[in-house]
Structure formats: C-alpha cells, structure tokens
Amino acid sequence: MAEASQIPMPVPAPRMSRVLDAAIDRGPALAAVAGLLLLWQGVVWFFEVPEYMAPSPVAVLGAFQDNAGTLWLNFWPTFLEAALGFVAGNLVAILLAVWFVHNSTAERAFFPIAVFVNTIPIIALAPILVLIFGNGFAPKIIIAGLICFFPTLVNMVRGLKAVSPATLDLMRVLSASNWEIFWKVRLQSSLPFLFAALKIASTTCVIGAIVAEWIGSNFGLGALIIEATFNFRSPLLYATVFTAALLAVVMFALVSFAEAKLIRWKSSDIH
Amino acid sequence: MVAVEQHTAAGNPAATPDPGAIRVDHLDVTFAEGTVVALKDVSVEIPQGAFVTILGPSGCGKSTLMRAIADLVPAARGAIDVQGQSPRDARADRNFSYVFQDATLLPWRTALENVQLPLEVGGGGDAHADPRDLLELVGLKGRENALPYELSGGMRQRVAIARALVTKPKILLMDEPFGALDEITRDKLNEEVLRIWRETGTTILFVTHSIPEAAFLGQYVLMLAAHPGRVKEFMKVELPPERRLADRDTLEFVQITAHLRKLLEEC
C-alpha cells in the first residue's frame, strides 16, 4: 500500500567491508589513471622523447621533490587569489540576483551589461586591470572574481525564481510578506541552483587567478608556469600544472562538502 | 428522488439569524481583462459547520470559486462574505486555510516544521493548535522529523492538512486535495477528512471531480455548470453524517450518485 511506504534505514556496514567497497567503487578510476601513467612513461621511453619536450612521469615526480619549496611558496598566493576572487565574485553575483528578482527594472537595466562583461575575454581584460591596479594581488582577485560572477548570477536568478506558483499561493493565503517569502522559501529553494554554479566557479576561479598571473606577476603558480616554460624546465612546468589542478580539486571538494552539509533534502514535487 | 432534497440555486435574500460561514452574492470572476468569464452570477450560502463538496465538469470554475473566496483572484462583480468579513480581512485574521492539490510542502522542512510554517509567517495568527497533536490527528505520529521526500504522496497530503489546521481555522478550503492520489489512499483519506470534520467542527469546502467522493463527503453538493461557470444546483445529501466507505454500496448512496451523474451530463 502506498500509504505505508517507508524509506528503508541504511544498515551500518562493518568497517573493513566499507573500505573494500570504496576500493571496488574507485577501482576502475584508479586503474585507468595508473594505466595512463604507465602508457605515458612507456611512450617517453620508447620514442626517446627529449625531456624539455615532454618529461616522463618519473621526471615530473622528481621535479615535485626538487622544487617542493618553490611550489609550496607559489601555491599560497594563487590559492589566496582564487579563494578571495571566489568569495567576492559570488557574493556580488548573489546580491545582484536578489536585487534583480525583487526589481525587474534593475534586471532589465543591468542584465545586458552583465552579459556584455561576460563576453569580454578574460585574457583581454587582464592587461587592462594590471595597468590600473599594478602587479599586486588586486587584479588577480578581480579576474578570479569576474570569472565566477556570471554563472552564479544567472543560476541564482533562476533559483530564486524557481518557486512553484502553488507555493506562492500558499504563502499568500498565509499573508506572508515579501521578506518572509524570500527568507523562508526563495533562498532555500535557490540553493541547488546556487551550488551548481559554485561548483563551476570553484574551478574557474583558479583558472582566473593563473591567467591573471601570466600577464604581470612574479609570484604564484601562473608566474611559475611562465618561468618554467621559458627556461625549458619542463618537469617543473608539469609539476606546477598538477599543483594548479590539485588546487582546483581542493576548491571543488570544499564546495561539494558545503553543499552536502547545507542541502539534505530532495525535491518532492514528483508524485 | 427520495434521498435528495433540492434547494434553489440563487441565495435567498431573506435574512437568517445565522449569517452562514460563507456567502457568495452574484459573483462574477473574469480573466484576461474581462474577455474570459470564469464565473457568472454565482450566489450560494454555505451554512456554518457544513461540509460542502463542489462538483462540476472541467472548466466550470470550481477552483476559481475557491480562489475567489480565498482572495487569490479578485471578483469582477458581486460580493463574497467570509465569516462576516471580506475575503482579504478573513485571510488576515486566519479565518480560513487552504489545502492545494499539491501538498506544497517546503522540501527542506521536516513534517513538523512544515506544520509550524503558518505560525512563523504573516504574524502567526492568534489561535493555534499543537503541531504534534495535529500530526497525530492525521495519523503521522512518529514521522515528525521526516523530510517530504521520505513520505508518500498520501502522507504529504496529510501533513498539508495538519498544516491547514494549525491556525484553528473556522473554514477549510480543500481544492482537489486528493486528485493526484491513488484510489486506495484517496478512500482512506476521505474517511479521515470526515472524522477530522466531525472532531473539529470546521466548515469545509471541498472541490472534486469525483462523483462518489462528492456524495460520500458532502452534506451538501454544490454543482457548477461550465461556460460560463455558474451554479447548476445546491443540494443536500440525505445521508447520516457518520459515514463508512461501505455505505457507498447502499441503494441510497447509488441513487444519489446516479442523480449527480445525470445532473453532470446536463451541464
């Protein structure tokens, strides 16, 4: 009977079998990565590819070991720029989305400008910002923020509007104020949309920070990439690229963790 | 027709001592700047404490009438009186609650938190019932902390009913609340709505497109005709207020549904 349907309670599995399950779960991915690394190493050996052209995984690992200090020192500025850009860009986007949802004139006035700003290639914007703000942190944070801004704005506007007409009727019958509708309904129902955008932003903000460092910087992973490339230090270049990717993965994991903590519900609109 | 006592559709202007729970007086509702007439010259008086089902073909404005009473759509002409007040004032005073076809639960709130919602918004109202008692009343004791997605469609609608009752409304407007449920669940909830009606003494207006549901639940059936939506008939169902599902197999009940079906075909 439909009435009595209950969600089965998960049975806690013994510790060992859970570890085993996880290994089986990730097994194919781990095997694929290991296979690709072996293939890479094999190709470099077999064709005797010069190290400056394409270093072997072993050489890259060596670069990690030799340049650990340099990598660590340059990791932090990039992390800081990406994280601050992420916070600033998304915060502005969220506040703007809230404004747009409550004021359609504002949306019609400023949304086209937001689209226009989004169409300017970041790589073209970077030199302009460096000219204005110099070589410090500011232009990097701004670019990391700009790259986050647009997807979050679009998604947040959609999310805040994604309230069913029936729910709005309910709130009207309850004589709820606009503020109450925003606080009790709109904000919560926008969260899945917001996090979809934040996940994109969590990795693009790292790209933004690195691109900004290419233009004018003597610190950060972006600057290290440029330096390693020009000096044909290919193993260091690869190690830097992997570090940048690792940074993006960490940002993504942090956002996913926050999402899992904040959204414990599923939509029940389906009958 | 032995079991059916017919009433005239137009409201009797002669004043009665009890003004009735809801009085609709020559109501017109139009959409699209008057080009679509949803309701035309509807007059009806709902007695205090009555259970009235509203039946009619699709497009007859059943829901529109409910929404007009609930101040969700404006009247183009005529007047509506809810507990002696305008719909807007009645809404502000929490004199009625509305149950929609969708349970419209907030998916991030537990069953209990959903029932508490009316107490947190719009000033909260004066009177309120204990949300836990209400969940028990609708048969959801023990599921207070379940999130909506963990509940079946029928359970979600039970939570919606508990939420509607939390402000102790004098009137309960139910707009096809069980339309999306399977028949077994619907039958069970029908019996429970009757029980809740008897226990709380609330006036209930219940829109349905099911003839058996209309006859089983209603003390009165308000039949609307379509194009434009107007009152076809307002009739009393001569069955005892205490009803069981098995009563639907009795001759009296079948006579009533046969009569309703005939009326519906004329609409």
# chains A, B, ... in the order shown; residues from 1 in each chain; ligands from 1
>>> residues_around(residues="Glu266 of chain B", least_positions_apart="6", cutoff="12 Å", atoms="only C-alpha atoms", output="JSON, numbers by chain")
{"B": [56, 57, 223, 224, 225, 226, 232, 233, 259, 260]}
>>> residues_around(residues="Ile200 of chain A", least_positions_apart="6", cutoff="10 Å", atoms="only C-alpha atoms", output="PyMOL selection string")
chain A and resi 147-148+151-152+252+255
>>> write_last_selection(atoms="C-alpha atoms", output="PDB file, in the first residue's frame")
ATOM      1  CA  ILE A 147      35.154  34.582 -13.999  1.00  0.00           C
ATOM      2  CA  CYS A 148      32.921  33.304 -11.138  1.00  0.00           C
ATOM      3  CA  PRO A 151      27.355  31.665 -13.973  1.00  0.00           C
ATOM      4  CA  THR A 152      26.400  32.390 -10.376  1.00  0.00           C
ATOM      5  CA  PHE A 252      35.708  21.820  -5.741  1.00  0.00           C
ATOM      6  CA  VAL A 255      32.173  23.437  -2.218  1.00  0.00           C
TER       7      VAL A 255
END
>>> closest_residue(among="B:Leu147, B:Val254, B:Val207, B:Leu135", to="Cys60 of chain B", atoms="only C-alpha atoms")
B:Val207
>>> closest_residue(among="B:Thr35, B:Thr64, B:Thr257, B:Asn190", to="Val138 of chain B", atoms="only C-alpha atoms")
B:Asn190
>>> closest_residue(among="B:Ala258, B:Val193, B:Val44, B:Ala68", to="chain A", atoms="only C-alpha atoms")
B:Ala68
>>> atom_distance(atom1="atom CA of Glu213 of chain A", atom2="atom CA of Glu51 of chain A")
25.5 Å
>>> residues_around(residues="Gly154 of chain B", least_positions_apart="5", cutoff="12 Å", atoms="only C-alpha atoms", output="number ranges by chain")
A: 1-5, 271; B: 101-103, 138-140, 148-149, 159-161, 177-190, 192
>>> residues_around(residues="Ile207 of chain A", least_positions_apart="2", cutoff="10 Å", atoms="only C-alpha atoms", output="PDB file with all heavy atoms, in the first residue's frame")
ATOM      1  N   THR A  78      48.389  31.955  -5.169  1.00  0.00           N
ATOM      2  CA  THR A  78      47.350  31.589  -6.130  1.00  0.00           C
ATOM      3  C   THR A  78      46.089  31.124  -5.408  1.00  0.00           C
ATOM      4  O   THR A  78      44.966  31.475  -5.784  1.00  0.00           O
ATOM      5  CB  THR A  78      47.864  30.482  -7.067  1.00  0.00           C
ATOM      6  OG1 THR A  78      49.102  30.905  -7.624  1.00  0.00           O
ATOM      7  CG2 THR A  78      46.885  30.205  -8.183  1.00  0.00           C
ATOM      8  N   ALA A  82      42.531  32.966  -5.766  1.00  0.00           N
ATOM      9  CA  ALA A  82      41.377  32.204  -6.254  1.00  0.00           C
ATOM     10  C   ALA A  82      40.258  32.232  -5.216  1.00  0.00           C
ATOM     11  O   ALA A  82      39.095  32.477  -5.549  1.00  0.00           O
ATOM     12  CB  ALA A  82      41.787  30.766  -6.567  1.00  0.00           C
ATOM     13  N   ILE A 143      40.025  39.351 -11.399  1.00  0.00           N
ATOM     14  CA  ILE A 143      39.803  38.458 -12.546  1.00  0.00           C
ATOM     15  C   ILE A 143      39.215  37.117 -12.083  1.00  0.00           C
ATOM     16  O   ILE A 143      38.286  36.591 -12.699  1.00  0.00           O
ATOM     17  CB  ILE A 143      41.110  38.287 -13.349  1.00  0.00           C
ATOM     18  CG1 ILE A 143      41.343  39.572 -14.140  1.00  0.00           C
ATOM     19  CG2 ILE A 143      41.026  37.086 -14.279  1.00  0.00           C
ATOM     20  CD1 ILE A 143      42.642  39.634 -14.864  1.00  0.00           C
ATOM     21  N   ALA A 144      39.741  36.593 -10.975  1.00  0.00           N
ATOM     22  CA  ALA A 144      39.169  35.350 -10.444  1.00  0.00           C
ATOM     23  C   ALA A 144      37.695  35.564 -10.093  1.00  0.00           C
ATOM     24  O   ALA A 144      36.853  34.690 -10.318  1.00  0.00           O
ATOM     25  CB  ALA A 144      39.955  34.899  -9.211  1.00  0.00           C
ATOM     26  N   ILE A 147      35.399  35.853 -13.314  1.00  0.00           N
ATOM     27  CA  ILE A 147      35.154  34.582 -13.999  1.00  0.00           C
ATOM     28  C   ILE A 147      34.077  33.775 -13.258  1.00  0.00           C
ATOM     29  O   ILE A 147      33.357  32.985 -13.854  1.00  0.00           O
ATOM     30  CB  ILE A 147      36.501  33.815 -14.162  1.00  0.00           C
ATOM     31  CG1 ILE A 147      36.513  33.050 -15.472  1.00  0.00           C
ATOM     32  CG2 ILE A 147      36.774  32.927 -12.995  1.00  0.00           C
ATOM     33  CD1 ILE A 147      37.892  32.525 -15.850  1.00  0.00           C
ATOM     34  N   ALA A 201      32.268  27.613 -10.490  1.00  0.00           N
ATOM     35  CA  ALA A 201      33.144  28.719 -10.075  1.00  0.00           C
ATOM     36  C   ALA A 201      34.354  28.219  -9.303  1.00  0.00           C
ATOM     37  O   ALA A 201      35.432  28.801  -9.394  1.00  0.00           O
ATOM     38  CB  ALA A 201      32.338  29.711  -9.229  1.00  0.00           C
ATOM     39  N   SER A 202      34.192  27.141  -8.544  1.00  0.00           N
ATOM     40  CA  SER A 202      35.293  26.660  -7.695  1.00  0.00           C
ATOM     41  C   SER A 202      36.512  26.279  -8.524  1.00  0.00           C
ATOM     42  O   SER A 202      37.641  26.368  -8.047  1.00  0.00           O
ATOM     43  CB  SER A 202      34.831  25.474  -6.848  1.00  0.00           C
ATOM     44  OG  SER A 202      34.595  24.357  -7.678  1.00  0.00           O
ATOM     45  N   THR A 203      36.313  25.844  -9.752  1.00  0.00           N
ATOM     46  CA  THR A 203      37.470  25.504 -10.586  1.00  0.00           C
ATOM     47  C   THR A 203      37.852  26.655 -11.515  1.00  0.00           C
ATOM     48  O   THR A 203      39.026  26.875 -11.763  1.00  0.00           O
ATOM     49  CB  THR A 203      37.196  24.236 -11.420  1.00  0.00           C
ATOM     50  OG1 THR A 203      36.031  24.444 -12.212  1.00  0.00           O
ATOM     51  CG2 THR A 203      36.977  23.037 -10.538  1.00  0.00           C
ATOM     52  N   THR A 204      36.851  27.417 -11.993  1.00  0.00           N
ATOM     53  CA  THR A 204      37.214  28.510 -12.910  1.00  0.00           C
ATOM     54  C   THR A 204      37.941  29.639 -12.191  1.00  0.00           C
ATOM     55  O   THR A 204      38.727  30.351 -12.810  1.00  0.00           O
ATOM     56  CB  THR A 204      35.975  29.089 -13.629  1.00  0.00           C
ATOM     57  OG1 THR A 204      35.009  29.447 -12.660  1.00  0.00           O
ATOM     58  CG2 THR A 204      35.393  28.096 -14.610  1.00  0.00           C
ATOM     59  N   CYS A 205      37.697  29.804 -10.887  1.00  0.00           N
ATOM     60  CA  CYS A 205      38.394  30.892 -10.179  1.00  0.00           C
ATOM     61  C   CYS A 205      39.904  30.630 -10.145  1.00  0.00           C
ATOM     62  O   CYS A 205      40.696  31.572 -10.177  1.00  0.00           O
ATOM     63  CB  CYS A 205      37.826  31.090  -8.771  1.00  0.00           C
ATOM     64  SG  CYS A 205      38.181  29.748  -7.634  1.00  0.00           S
ATOM     65  N   ALA A 209      42.758  33.168 -11.629  1.00  0.00           N
ATOM     66  CA  ALA A 209      43.943  33.622 -10.883  1.00  0.00           C
ATOM     67  C   ALA A 209      45.216  33.344 -11.679  1.00  0.00           C
ATOM     68  O   ALA A 209      46.117  34.189 -11.758  1.00  0.00           O
ATOM     69  CB  ALA A 209      43.986  32.929  -9.520  1.00  0.00           C
ATOM     70  N   ILE A 210      45.319  32.171 -12.298  1.00  0.00           N
ATOM     71  CA  ILE A 210      46.530  31.797 -13.035  1.00  0.00           C
ATOM     72  C   ILE A 210      46.698  32.647 -14.295  1.00  0.00           C
ATOM     73  O   ILE A 210      47.799  33.142 -14.586  1.00  0.00           O
ATOM     74  CB  ILE A 210      46.495  30.281 -13.364  1.00  0.00           C
ATOM     75  CG1 ILE A 210      46.790  29.499 -12.084  1.00  0.00           C
ATOM     76  CG2 ILE A 210      47.511  29.940 -14.454  1.00  0.00           C
ATOM     77  CD1 ILE A 210      46.612  28.016 -12.217  1.00  0.00           C
ATOM     78  N   VAL A 211      45.594  32.863 -15.012  1.00  0.00           N
ATOM     79  CA  VAL A 211      45.665  33.702 -16.212  1.00  0.00           C
ATOM     80  C   VAL A 211      46.125  35.110 -15.835  1.00  0.00           C
ATOM     81  O   VAL A 211      46.969  35.708 -16.512  1.00  0.00           O
ATOM     82  CB  VAL A 211      44.285  33.741 -16.924  1.00  0.00           C
ATOM     83  CG1 VAL A 211      44.254  34.851 -17.973  1.00  0.00           C
ATOM     84  CG2 VAL A 211      44.002  32.400 -17.574  1.00  0.00           C
ATOM     85  N   ALA A 212      45.595  35.630 -14.729  1.00  0.00           N
ATOM     86  CA  ALA A 212      45.993  36.969 -14.282  1.00  0.00           C
ATOM     87  C   ALA A 212      47.473  37.004 -13.933  1.00  0.00           C
ATOM     88  O   ALA A 212      48.162  38.003 -14.187  1.00  0.00           O
ATOM     89  CB  ALA A 212      45.148  37.379 -13.083  1.00  0.00           C
ATOM     90  N   GLU A 213      48.000  35.908 -13.376  1.00  0.00           N
ATOM     91  CA  GLU A 213      49.421  35.865 -13.016  1.00  0.00           C
ATOM     92  C   GLU A 213      50.317  35.801 -14.248  1.00  0.00           C
ATOM     93  O   GLU A 213      51.467  36.234 -14.214  1.00  0.00           O
ATOM     94  CB  GLU A 213      49.693  34.653 -12.103  1.00  0.00           C
ATOM     95  CG  GLU A 213      49.174  34.859 -10.682  1.00  0.00           C
ATOM     96  CD  GLU A 213      49.186  33.570  -9.877  1.00  0.00           C
ATOM     97  OE1 GLU A 213      49.423  32.495 -10.452  1.00  0.00           O
ATOM     98  OE2 GLU A 213      48.944  33.646  -8.666  1.00  0.00           O
ATOM     99  N   GLY A 222      50.857  30.739 -11.681  1.00  0.00           N
ATOM    100  CA  GLY A 222      50.836  31.242 -13.056  1.00  0.00           C
ATOM    101  C   GLY A 222      52.195  31.768 -13.471  1.00  0.00           C
ATOM    102  O   GLY A 222      52.685  31.470 -14.573  1.00  0.00           O
ATOM    103  N   ALA A 244      48.373  23.182  -9.750  1.00  0.00           N
ATOM    104  CA  ALA A 244      47.222  24.049 -10.029  1.00  0.00           C
ATOM    105  C   ALA A 244      45.935  23.220 -10.099  1.00  0.00           C
ATOM    106  O   ALA A 244      44.893  23.608  -9.561  1.00  0.00           O
ATOM    107  CB  ALA A 244      47.443  24.805 -11.332  1.00  0.00           C
ATOM    108  N   ALA A 245      46.039  22.055 -10.750  1.00  0.00           N
ATOM    109  CA  ALA A 245      44.869  21.186 -10.859  1.00  0.00           C
ATOM    110  C   ALA A 245      44.438  20.716  -9.469  1.00  0.00           C
ATOM    111  O   ALA A 245      43.243  20.664  -9.154  1.00  0.00           O
ATOM    112  CB  ALA A 245      45.182  19.992 -11.755  1.00  0.00           C
ATOM    113  N   ALA A 248      42.460  23.318  -7.770  1.00  0.00           N
ATOM    114  CA  ALA A 248      41.080  23.353  -8.260  1.00  0.00           C
ATOM    115  C   ALA A 248      40.261  22.221  -7.649  1.00  0.00           C
ATOM    116  O   ALA A 248      39.106  22.408  -7.266  1.00  0.00           O
ATOM    117  CB  ALA A 248      41.060  23.277  -9.784  1.00  0.00           C
TER     118      ALA A 248
END
>>> interface_residues(of="chain B", to="chain A", cutoff="6 Å", atoms="only C-alpha atoms", output="PDB file with C-alpha atoms, in the first residue's frame")
ATOM      1  CA  THR B 104       3.141  22.266  -1.405  1.00  0.00           C
ATOM      2  CA  PRO B 107      11.075  20.183   0.877  1.00  0.00           C
ATOM      3  CA  TRP B 108      13.823  21.292   3.287  1.00  0.00           C
ATOM      4  CA  VAL B 121       4.753  33.936   8.818  1.00  0.00           C
ATOM      5  CA  GLY B 122       2.132  36.614   8.317  1.00  0.00           C
ATOM      6  CA  TYR B 149      10.763  13.289   0.018  1.00  0.00           C
ATOM      7  CA  GLY B 154      -0.729  10.462   0.724  1.00  0.00           C
TER       8      GLY B 154
END
>>> select_by_dssp(residues="segment 17-217 of chain B", states="strand (DSSP E)", output="PyMOL selection string")
chain B and resi 22-31+36-46+51-55+77-82+96-99+171-175+203-207
>>> residues_around(residues="Trp99 of chain A", least_positions_apart="2", cutoff="12 Å", atoms="only C-alpha atoms", output="ChimeraX atom specification")
/A:92-97,101-111,153,156-157,160,182
>>> write_last_selection(atoms="C-alpha atoms", output="PDB file, in the first residue's frame")
ATOM      1  CA  VAL A  92      28.368  40.282  -5.767  1.00  0.00           C
ATOM      2  CA  ALA A  93      26.516  37.871  -8.080  1.00  0.00           C
ATOM      3  CA  ILE A  94      24.222  36.656  -5.279  1.00  0.00           C
ATOM      4  CA  LEU A  95      23.404  40.178  -4.074  1.00  0.00           C
ATOM      5  CA  LEU A  96      22.758  41.319  -7.624  1.00  0.00           C
ATOM      6  CA  ALA A  97      20.486  38.302  -8.226  1.00  0.00           C
ATOM      7  CA  VAL A 101      14.425  39.197  -8.514  1.00  0.00           C
ATOM      8  CA  HIS A 102      12.808  41.961  -6.484  1.00  0.00           C
ATOM      9  CA  ASN A 103      13.212  44.716  -9.035  1.00  0.00           C
ATOM     10  CA  SER A 104      12.539  43.834 -12.661  1.00  0.00           C
ATOM     11  CA  THR A 105      13.591  47.313 -13.802  1.00  0.00           C
ATOM     12  CA  ALA A 106      17.019  46.724 -12.315  1.00  0.00           C
ATOM     13  CA  GLU A 107      17.181  43.359 -14.050  1.00  0.00           C
ATOM     14  CA  ARG A 108      16.286  44.864 -17.410  1.00  0.00           C
ATOM     15  CA  ALA A 109      18.791  47.694 -16.904  1.00  0.00           C
ATOM     16  CA  PHE A 110      21.813  45.766 -15.682  1.00  0.00           C
ATOM     17  CA  PHE A 111      21.462  42.243 -17.013  1.00  0.00           C
ATOM     18  CA  LEU A 153      24.318  35.432 -11.328  1.00  0.00           C
ATOM     19  CA  MET A 156      20.928  32.428  -8.657  1.00  0.00           C
ATOM     20  CA  VAL A 157      18.307  34.463 -10.530  1.00  0.00           C
ATOM     21  CA  LEU A 160      15.264  32.483  -6.659  1.00  0.00           C
ATOM     22  CA  PHE A 182      12.307  35.488   0.358  1.00  0.00           C
TER      23      PHE A 182
END
>>> residues_around(residues="segment 235-237 of chain A", least_positions_apart="5", cutoff="7 Å", atoms="only C-alpha atoms", output="VMD selection string")
chain A and resid 55 59 to 60 63 225 228 to 229
>>> write_last_selection(atoms="N, CA, C and O atoms", output="PDB file, in the first residue's frame")
ATOM      1  N   PRO A  55      58.377  15.585 -20.435  1.00  0.00           N
ATOM      2  CA  PRO A  55      59.057  14.815 -19.398  1.00  0.00           C
ATOM      3  C   PRO A  55      58.245  13.572 -19.024  1.00  0.00           C
ATOM      4  O   PRO A  55      57.019  13.565 -19.156  1.00  0.00           O
ATOM      5  N   ALA A  59      60.163  11.819 -14.116  1.00  0.00           N
ATOM      6  CA  ALA A  59      60.856  13.105 -14.079  1.00  0.00           C
ATOM      7  C   ALA A  59      60.005  14.170 -13.385  1.00  0.00           C
ATOM      8  O   ALA A  59      60.522  15.000 -12.631  1.00  0.00           O
ATOM      9  N   VAL A  60      58.690  14.107 -13.646  1.00  0.00           N
ATOM     10  CA  VAL A  60      57.788  15.084 -13.019  1.00  0.00           C
ATOM     11  C   VAL A  60      57.778  14.869 -11.512  1.00  0.00           C
ATOM     12  O   VAL A  60      57.815  15.821 -10.716  1.00  0.00           O
ATOM     13  N   ALA A  63      60.697  16.392 -10.134  1.00  0.00           N
ATOM     14  CA  ALA A  63      60.565  17.855 -10.062  1.00  0.00           C
ATOM     15  C   ALA A  63      59.781  18.254  -8.819  1.00  0.00           C
ATOM     16  O   ALA A  63      60.095  19.258  -8.175  1.00  0.00           O
ATOM     17  N   ILE A 225      54.546  28.911 -14.011  1.00  0.00           N
ATOM     18  CA  ILE A 225      54.299  28.233 -15.286  1.00  0.00           C
ATOM     19  C   ILE A 225      55.053  28.967 -16.402  1.00  0.00           C
ATOM     20  O   ILE A 225      55.764  28.359 -17.214  1.00  0.00           O
ATOM     21  N   ALA A 228      58.906  28.504 -15.928  1.00  0.00           N
ATOM     22  CA  ALA A 228      59.353  27.154 -16.256  1.00  0.00           C
ATOM     23  C   ALA A 228      59.313  26.913 -17.766  1.00  0.00           C
ATOM     24  O   ALA A 228      60.179  26.240 -18.317  1.00  0.00           O
ATOM     25  N   THR A 229      58.295  27.476 -18.420  1.00  0.00           N
ATOM     26  CA  THR A 229      58.175  27.296 -19.871  1.00  0.00           C
ATOM     27  C   THR A 229      59.338  27.961 -20.596  1.00  0.00           C
ATOM     28  O   THR A 229      59.979  27.355 -21.453  1.00  0.00           O
TER      29      THR A 229
END
>>> atom_distance(atom1="atom CA of Leu65 of chain B", atom2="atom CA of Val24 of chain B")
9.3 Å
>>> atom_distance(atom1="atom CA of Ala258 of chain A", atom2="atom CA of Pro77 of chain A")
23.3 Å
>>> residues_around(residues="Ala70 of chain B", least_positions_apart="3", cutoff="9 Å", atoms="only C-alpha atoms", output="ChimeraX atom specification")
/A:173 /B:65-67,73,82,87-88,90-91,96-98,173
>>> write_last_selection(atoms="all heavy atoms", output="CSV table (one decimal), in the first residue's frame")
chain,number,residue,atom,x,y,z
A,173,VAL,N,-1.9,33.0,1.0
A,173,VAL,CA,-3.0,32.7,1.9
A,173,VAL,C,-2.6,32.9,3.4
A,173,VAL,O,-3.4,33.3,4.2
A,173,VAL,CB,-3.5,31.2,1.7
A,173,VAL,CG1,-4.4,30.7,2.8
A,173,VAL,CG2,-4.2,31.1,0.4
B,65,LEU,N,-13.8,29.5,-8.0
B,65,LEU,CA,-14.7,30.0,-6.9
B,65,LEU,C,-13.9,29.9,-5.5
B,65,LEU,O,-14.0,30.8,-4.7
B,65,LEU,CB,-15.9,29.0,-6.8
B,65,LEU,CG,-16.9,29.3,-5.7
B,65,LEU,CD1,-17.4,30.7,-5.7
B,65,LEU,CD2,-18.1,28.3,-5.8
B,66,MET,N,-13.2,28.8,-5.3
B,66,MET,CA,-12.4,28.6,-4.1
B,66,MET,C,-11.4,29.7,-4.0
B,66,MET,O,-11.1,30.3,-2.9
B,66,MET,CB,-11.7,27.3,-4.1
B,66,MET,CG,-12.6,26.1,-4.1
B,66,MET,SD,-13.1,25.7,-2.4
B,66,MET,CE,-11.8,24.7,-1.9
B,67,ARG,N,-10.7,30.0,-5.1
B,67,ARG,CA,-9.6,31.0,-5.1
B,67,ARG,C,-10.2,32.4,-4.9
B,67,ARG,O,-9.5,33.2,-4.2
B,67,ARG,CB,-8.8,31.0,-6.4
B,67,ARG,CG,-8.1,29.7,-6.6
B,67,ARG,CD,-7.4,29.6,-7.9
B,67,ARG,NE,-6.3,30.5,-8.1
B,67,ARG,CZ,-5.1,30.3,-7.6
B,67,ARG,NH1,-4.8,29.2,-7.0
B,67,ARG,NH2,-4.2,31.2,-7.8
B,73,VAL,N,-8.0,35.3,-6.3
B,73,VAL,CA,-8.4,36.0,-7.5
B,73,VAL,C,-9.4,37.1,-7.1
B,73,VAL,O,-10.2,36.8,-6.2
B,73,VAL,CB,-8.9,35.1,-8.6
B,73,VAL,CG1,-7.8,34.2,-9.1
B,73,VAL,CG2,-10.1,34.3,-8.1
B,82,VAL,N,-17.0,36.2,4.1
B,82,VAL,CA,-16.4,35.0,4.8
B,82,VAL,C,-16.4,35.3,6.3
B,82,VAL,O,-15.7,36.2,6.7
B,82,VAL,CB,-15.0,34.8,4.3
B,82,VAL,CG1,-14.4,33.5,5.0
B,82,VAL,CG2,-14.9,34.6,2.8
B,87,PRO,N,-13.0,38.7,2.0
B,87,PRO,CA,-12.0,37.6,1.9
B,87,PRO,C,-10.6,38.1,2.4
B,87,PRO,O,-9.9,37.3,3.1
B,87,PRO,CB,-12.0,37.3,0.4
B,87,PRO,CG,-13.4,37.6,0.0
B,87,PRO,CD,-13.8,38.8,0.7
B,88,ARG,N,-10.3,39.3,2.1
B,88,ARG,CA,-9.0,39.8,2.5
B,88,ARG,C,-8.8,39.9,4.0
B,88,ARG,O,-7.8,39.5,4.5
B,88,ARG,CB,-8.7,41.2,1.9
B,88,ARG,CG,-7.4,41.8,2.2
B,88,ARG,CD,-7.0,42.8,1.2
B,88,ARG,NE,-6.8,42.1,-0.1
B,88,ARG,CZ,-6.5,42.8,-1.2
B,88,ARG,NH1,-6.3,44.0,-1.2
B,88,ARG,NH2,-6.4,42.1,-2.4
B,90,ALA,N,-10.7,38.3,6.1
B,90,ALA,CA,-10.8,36.9,6.7
B,90,ALA,C,-9.4,36.2,6.6
B,90,ALA,O,-9.0,35.4,7.5
B,90,ALA,CB,-11.8,36.1,5.9
B,91,ARG,N,-8.7,36.5,5.5
B,91,ARG,CA,-7.4,35.9,5.3
B,91,ARG,C,-6.4,36.4,6.4
B,91,ARG,O,-5.7,35.7,7.0
B,91,ARG,CB,-6.9,36.2,3.9
B,91,ARG,CG,-5.6,35.5,3.5
B,91,ARG,CD,-5.0,36.0,2.3
B,91,ARG,NE,-4.4,37.3,2.4
B,91,ARG,CZ,-4.1,38.1,1.5
B,91,ARG,NH1,-4.3,37.8,0.2
B,91,ARG,NH2,-3.5,39.3,1.7
B,96,PHE,N,-9.6,31.2,7.5
B,96,PHE,CA,-9.7,30.0,6.6
B,96,PHE,C,-8.3,29.5,6.3
B,96,PHE,O,-7.3,30.3,6.4
B,96,PHE,CB,-10.4,30.3,5.3
B,96,PHE,CG,-9.8,31.3,4.4
B,96,PHE,CD1,-8.8,31.0,3.6
B,96,PHE,CD2,-10.3,32.7,4.5
B,96,PHE,CE1,-8.2,32.0,2.8
B,96,PHE,CE2,-9.7,33.6,3.7
B,96,PHE,CZ,-8.7,33.3,2.8
B,97,SER,N,-8.2,28.2,6.0
B,97,SER,CA,-7.0,27.7,5.5
B,97,SER,C,-7.2,27.0,4.2
B,97,SER,O,-8.4,26.7,3.8
B,97,SER,CB,-6.4,26.6,6.5
B,97,SER,OG,-5.9,27.2,7.6
B,98,TYR,N,-6.2,26.8,3.4
B,98,TYR,CA,-6.3,26.3,2.0
B,98,TYR,C,-5.5,25.1,1.9
B,98,TYR,O,-4.3,25.1,2.2
B,98,TYR,CB,-5.9,27.4,1.1
B,98,TYR,CG,-6.5,27.4,-0.3
B,98,TYR,CD1,-7.5,28.3,-0.7
B,98,TYR,CD2,-6.1,26.4,-1.3
B,98,TYR,CE1,-8.0,28.3,-2.0
B,98,TYR,CE2,-6.7,26.4,-2.5
B,98,TYR,CZ,-7.6,27.3,-2.9
B,98,TYR,OH,-8.2,27.3,-4.1
B,173,LEU,N,-10.7,25.3,3.1
B,173,LEU,CA,-10.9,25.2,1.7
B,173,LEU,C,-10.0,24.1,1.1
B,173,LEU,O,-8.8,24.2,1.2
B,173,LEU,CB,-10.6,26.6,1.0
B,173,LEU,CG,-11.4,27.8,1.6
B,173,LEU,CD1,-10.8,29.1,1.0
B,173,LEU,CD2,-12.9,27.6,1.3
>>> select_by_dssp(residues="segment 38-219 of chain B", states="alpha helix (DSSP H)", output="ChimeraX atom specification")
/B:62-69,87-92,111-120,131-137,153-165,183-200,211-217
